[in-house]
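Undergrad: My structure is stored as run.cif, with mmCIF, C-alpha atoms.
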data_query
#
loop_
_atom_site.group_PDB
_atom_site.id
_atom_site.type_symbol
_atom_site.label_atom_id
_atom_site.label_comp_id
_atom_site.auth_asym_id
_atom_site.auth_seq_id
_atom_site.Cartn_x
_atom_site.Cartn_y
_atom_site.Cartn_z
ATOM 1 C CA MET A 1 0.000 0.000 0.000
ATOM 2 C CA ALA A 2 1.393 3.375 -1.017
ATOM 3 C CA ALA A 3 2.141 5.874 1.680
ATOM 4 C CA LYS A 4 -0.643 8.380 2.121
ATOM 5 C CA ARG A 5 0.384 11.761 0.729
ATOM 6 C CA ALA A 6 -0.124 14.752 2.982
ATOM 7 C CA ILE A 7 -2.746 17.200 1.769
ATOM 8 C CA PHE A 8 -0.633 20.178 2.768
ATOM 9 C CA PRO A 9 3.128 20.404 2.350
ATOM 10 C CA ARG A 10 5.267 20.629 5.435
ATOM 11 C CA VAL A 11 6.383 24.132 6.325
ATOM 12 C CA GLU A 12 10.026 23.357 5.649
ATOM 13 C CA GLU A 13 9.092 22.066 2.180
ATOM 14 C CA LEU A 14 7.542 25.352 1.125
ATOM 15 C CA ASP A 15 9.877 27.208 -1.200
ATOM 16 C CA MET A 16 8.656 30.675 -0.233
ATOM 17 C CA ASP A 17 10.411 33.357 1.694
ATOM 18 C CA ALA A 18 8.180 34.843 4.383
ATOM 19 C CA LYS A 19 9.816 38.264 4.040
ATOM 20 C CA ARG A 20 9.019 38.364 0.322
ATOM 21 C CA LEU A 21 5.449 37.248 0.879
ATOM 22 C CA ALA A 22 4.975 39.899 3.568
ATOM 23 C CA ALA A 23 6.342 42.535 1.182
ATOM 24 C CA LEU A 24 3.378 41.878 -1.117
ATOM 25 C CA GLY A 25 0.926 42.954 1.575
ATOM 26 C CA HIS A 26 0.443 46.593 0.613
ATOM 27 C CA PRO A 27 -1.276 48.115 -2.450
ATOM 28 C CA ILE A 28 1.532 50.628 -3.041
ATOM 29 C CA ARG A 29 4.055 47.774 -3.216
ATOM 30 C CA ILE A 30 1.855 45.967 -5.717
ATOM 31 C CA ALA A 31 1.713 49.178 -7.791
ATOM 32 C CA ILE A 32 5.509 49.436 -7.665
ATOM 33 C CA LEU A 33 5.953 45.857 -8.874
ATOM 34 C CA ASP A 34 3.409 46.461 -11.624
ATOM 35 C CA ALA A 35 5.156 49.652 -12.792
ATOM 36 C CA ALA A 36 8.664 48.181 -12.535
ATOM 37 C CA ASP A 37 7.739 45.017 -14.443
ATOM 38 C CA ASP A 38 8.151 46.740 -17.824
ATOM 39 C CA ASP A 39 10.787 49.369 -17.172
ATOM 40 C CA SER A 40 12.771 50.940 -14.374
ATOM 41 C CA VAL A 41 10.877 53.446 -12.242
ATOM 42 C CA SER A 42 11.874 55.988 -9.605
ATOM 43 C CA PRO A 43 10.116 56.558 -6.293
ATOM 44 C CA SER A 44 9.606 60.241 -7.090
ATOM 45 C CA ASP A 45 8.040 59.581 -10.497
ATOM 46 C CA LEU A 46 5.748 56.921 -9.085
ATOM 47 C CA ALA A 47 4.778 59.136 -6.143
ATOM 48 C CA VAL A 48 3.478 61.724 -8.619
ATOM 49 C CA ILE A 49 1.583 59.079 -10.599
ATOM 50 C CA LEU A 50 0.025 57.558 -7.469
ATOM 51 C CA GLY A 51 -0.665 60.896 -5.806
ATOM 52 C CA GLU A 52 1.110 59.752 -2.644
ATOM 53 C CA PRO A 53 3.814 61.531 -0.624
ATOM 54 C CA LEU A 54 7.362 60.734 -1.756
ATOM 55 C CA GLY A 55 8.353 59.577 1.740
ATOM 56 C CA VAL A 56 5.568 56.992 1.784
ATOM 57 C CA VAL A 57 6.384 55.652 -1.685
ATOM 58 C CA ALA A 58 10.136 55.625 -0.978
ATOM 59 C CA TYR A 59 9.491 53.567 2.170
ATOM 60 C CA HIS A 60 7.665 50.929 0.122
ATOM 61 C CA PHE A 61 10.511 50.865 -2.416
ATOM 62 C CA ARG A 62 12.909 50.159 0.478
ATOM 63 C CA VAL A 63 10.731 47.286 1.719
ATOM 64 C CA LEU A 64 10.670 45.672 -1.733
ATOM 65 C CA HIS A 65 14.394 46.267 -2.197
ATOM 66 C CA SER A 66 15.288 44.732 1.173
ATOM 67 C CA ALA A 67 13.081 41.730 0.321
ATOM 68 C CA GLY A 68 15.044 41.246 -2.903
ATOM 69 C CA LEU A 69 12.062 41.827 -5.196
ATOM 70 C CA ILE A 70 13.422 44.966 -6.892
ATOM 71 C CA GLU A 71 16.962 46.101 -7.628
ATOM 72 C CA LEU A 72 18.687 49.373 -8.370
ATOM 73 C CA ALA A 73 18.827 49.741 -12.150
ATOM 74 C CA ASP A 74 20.216 53.249 -12.620
ATOM 75 C CA THR A 75 20.833 56.619 -11.032
ATOM 76 C CA LYS A 76 20.565 60.060 -12.633
ATOM 77 C CA ARG A 77 21.334 63.565 -11.475
ATOM 78 C CA ARG A 78 18.167 65.644 -11.372
ATOM 79 C CA ARG A 79 17.700 69.090 -9.893
ATOM 80 C CA GLY A 80 20.805 68.874 -7.749
ATOM 81 C CA SER A 81 20.107 65.405 -6.347
ATOM 82 C CA ILE A 82 20.517 61.800 -7.348
ATOM 83 C CA GLN A 83 17.378 60.018 -8.513
ATOM 84 C CA SER A 84 17.359 56.222 -8.230
ATOM 85 C CA PHE A 85 15.545 53.939 -10.655
ATOM 86 C CA TYR A 86 14.518 50.388 -9.788
ATOM 87 C CA ARG A 87 13.375 47.336 -11.748
ATOM 88 C CA VAL A 88 11.977 43.995 -10.720
ATOM 89 C CA VAL A 89 14.479 41.206 -10.163
ATOM 90 C CA ARG A 90 12.264 38.651 -11.921
ATOM 91 C CA PRO A 91 9.733 39.784 -14.532
ATOM 92 C CA GLY A 92 6.171 38.498 -14.618
ATOM 93 C CA TRP A 93 4.610 40.524 -11.811
ATOM 94 C CA ARG A 94 1.896 41.981 -14.029
ATOM 95 C CA ASP A 95 0.570 38.490 -14.789
ATOM 96 C CA PHE A 96 0.825 37.494 -11.127
ATOM 97 C CA ILE A 97 -1.003 40.638 -10.019
ATOM 98 C CA GLY A 98 -3.765 39.976 -12.551
ATOM 99 C CA ALA A 99 -4.195 36.430 -11.268
ATOM 100 C CA LEU A 100 -4.145 37.661 -7.674
ATOM 101 C CA ARG A 101 -6.869 40.217 -8.399
ATOM 102 C CA GLU A 102 -9.019 37.478 -9.932
ATOM 103 C CA GLN A 103 -8.569 35.303 -6.841
ATOM 104 C CA VAL A 104 -9.512 37.994 -4.327
ATOM 105 C CA ALA A 105 -12.228 39.748 -6.336
ATOM 106 C CA ASP A 106 -15.747 39.867 -4.924
#
Let me see the structure of the file written as C-alpha cells.
TA:
Amino acid sequence: MAAKRAIFPRVEELDMDAKRLAALGHPIRIAILDAADDDSVSPSDLAVILGEPLGVVAYHFRVLHSAGLIELADTKRRRGSIQSFYRVVRPGWRDFIGALREQVAD
C-alpha cells in the first residue's frame, strides 16, 4: 500500500520566503511591482503618478528592495540630487497581479 500523501506540504518544504510574501501585503508595493515590471521606475516619479507623498512611496521601495524583489537599475542627477531607478528582479509581476486580483475579487 502506497504511503498516504499529505494534503498540505510541510512548512520546511515550502519554497517561499516569508519576508518576500509579507512585502506583497500593501497596495503601493503591488503598484511598484506592476510599474517596474516593464521598465525601471523611480520613487519620485511613481509618487506623482500615485498621488502619494514621496516619503511613503520611498518607504515601500525600500521594503521591496530589502526583500530582494526589486533592484537598483540606474541613477541620474536631477535638480541637484541623485534620482534612483529600480526594476523587478524577476519579470512576470503583471501576470501574477492579474491572477491575484481574480482570486480575491468579490
Undergrad: Counting only C-alpha atoms, which of A:His65, A:Arg77, A:Arg101, A:His60 gets nearest to Val89 of chain A?
TA: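 Looking only at the distances to Val89 of chain A, the closest residue turns out to be A:His65.
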Undergrad: Take the PyMOL selection byres ((chain A and resi 58) around 12), run it mentally on this structure, and tell me the resulting residues as a JSON list (two decimals) with C-alpha atoms, keeping the file's coordinate frame.
TA:
[["chain", "number", "residue", "atom", "x", "y", "z"],
["A", 28, "ILE", "CA", 1.53, 50.63, -3.04],
["A", 29, "ARG", "CA", 4.06, 47.77, -3.22],
["A", 32, "ILE", "CA", 5.51, 49.44, -7.66],
["A", 41, "VAL", "CA", 10.88, 53.45, -12.24],
["A", 42, "SER", "CA", 11.87, 55.99, -9.60],
["A", 43, "PRO", "CA", 10.12, 56.56, -6.29],
["A", 44, "SER", "CA", 9.61, 60.24, -7.09],
["A", 45, "ASP", "CA", 8.04, 59.58, -10.50],
["A", 46, "LEU", "CA", 5.75, 56.92, -9.09],
["A", 47, "ALA", "CA", 4.78, 59.14, -6.14],
["A", 48, "VAL", "CA", 3.48, 61.72, -8.62],
["A", 52, "GLU", "CA", 1.11, 59.75, -2.64],
["A", 53, "PRO", "CA", 3.81, 61.53, -0.62],
["A", 54, "LEU", "CA", 7.36, 60.73, -1.76],
["A", 55, "GLY", "CA", 8.35, 59.58, 1.74],
["A", 56, "VAL", "CA", 5.57, 56.99, 1.78],
["A", 57, "VAL", "CA", 6.38, 55.65, -1.68],
["A", 59, "TYR", "CA", 9.49, 53.57, 2.17],
["A", 60, "HIS", "CA", 7.66, 50.93, 0.12],
["A", 61, "PHE", "CA", 10.51, 50.86, -2.42],
["A", 62, "ARG", "CA", 12.91, 50.16, 0.48],
["A", 63, "VAL", "CA", 10.73, 47.29, 1.72],
["A", 64, "LEU", "CA", 10.67, 45.67, -1.73],
["A", 65, "HIS", "CA", 14.39, 46.27, -2.20],
["A", 83, "GLN", "CA", 17.38, 60.02, -8.51],
["A", 84, "SER", "CA", 17.36, 56.22, -8.23],
["A", 85, "PHE", "CA", 15.54, 53.94, -10.66],
["A", 86, "TYR", "CA", 14.52, 50.39, -9.79]]
Undergrad: Interatomic distance between atom CA of Val104 of chain A and atom CA of Gly51 of chain A?
TA: 24.6 Å
Undergrad: Residues at most 10 Å from Ala18 of chain A, counting only C-alpha atoms, excluding those fewer than 4 positions away in the same chain, as a VMD selection string?
TA: chain A and resid 22 to 23 67
Undergrad: Name the residues in contact with Ala35 of chain A at a cut-off of 9 Å, using only C-alpha atoms, excluding same-chain residues fewer than 4 positions from it; report them as a list in words.
TA: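 Listed by chain and then number, they are Ile30, Ala31, Asp39, Ser40, Val41, Leu46, Arg87 and Arg94 of chain A.
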Undergrad: Just to confirm, what's the straight-line distance from atom CA of Gly68 of chain A to atom CA of Ala36 of chain A in Å (one decimal)?
TA: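 So the answer is 13.5 Å.
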Undergrad: Give me, please, the distance in Å between atom CA of Leu72 of chain A and atom CA of Gly25 of chain A, quoted to one decimal.
TA: 21.3 Å
Undergrad: Show which residues sit within 12 Å of Phe96 of chain A, as a list in words. Count only C-alpha atoms, and ignore same-chain residues fewer than 6 positions away.
TA: Leu24, Ile30, Leu33, Asp34, Asp37, Arg90, Glu102 and Gln103 of chain A
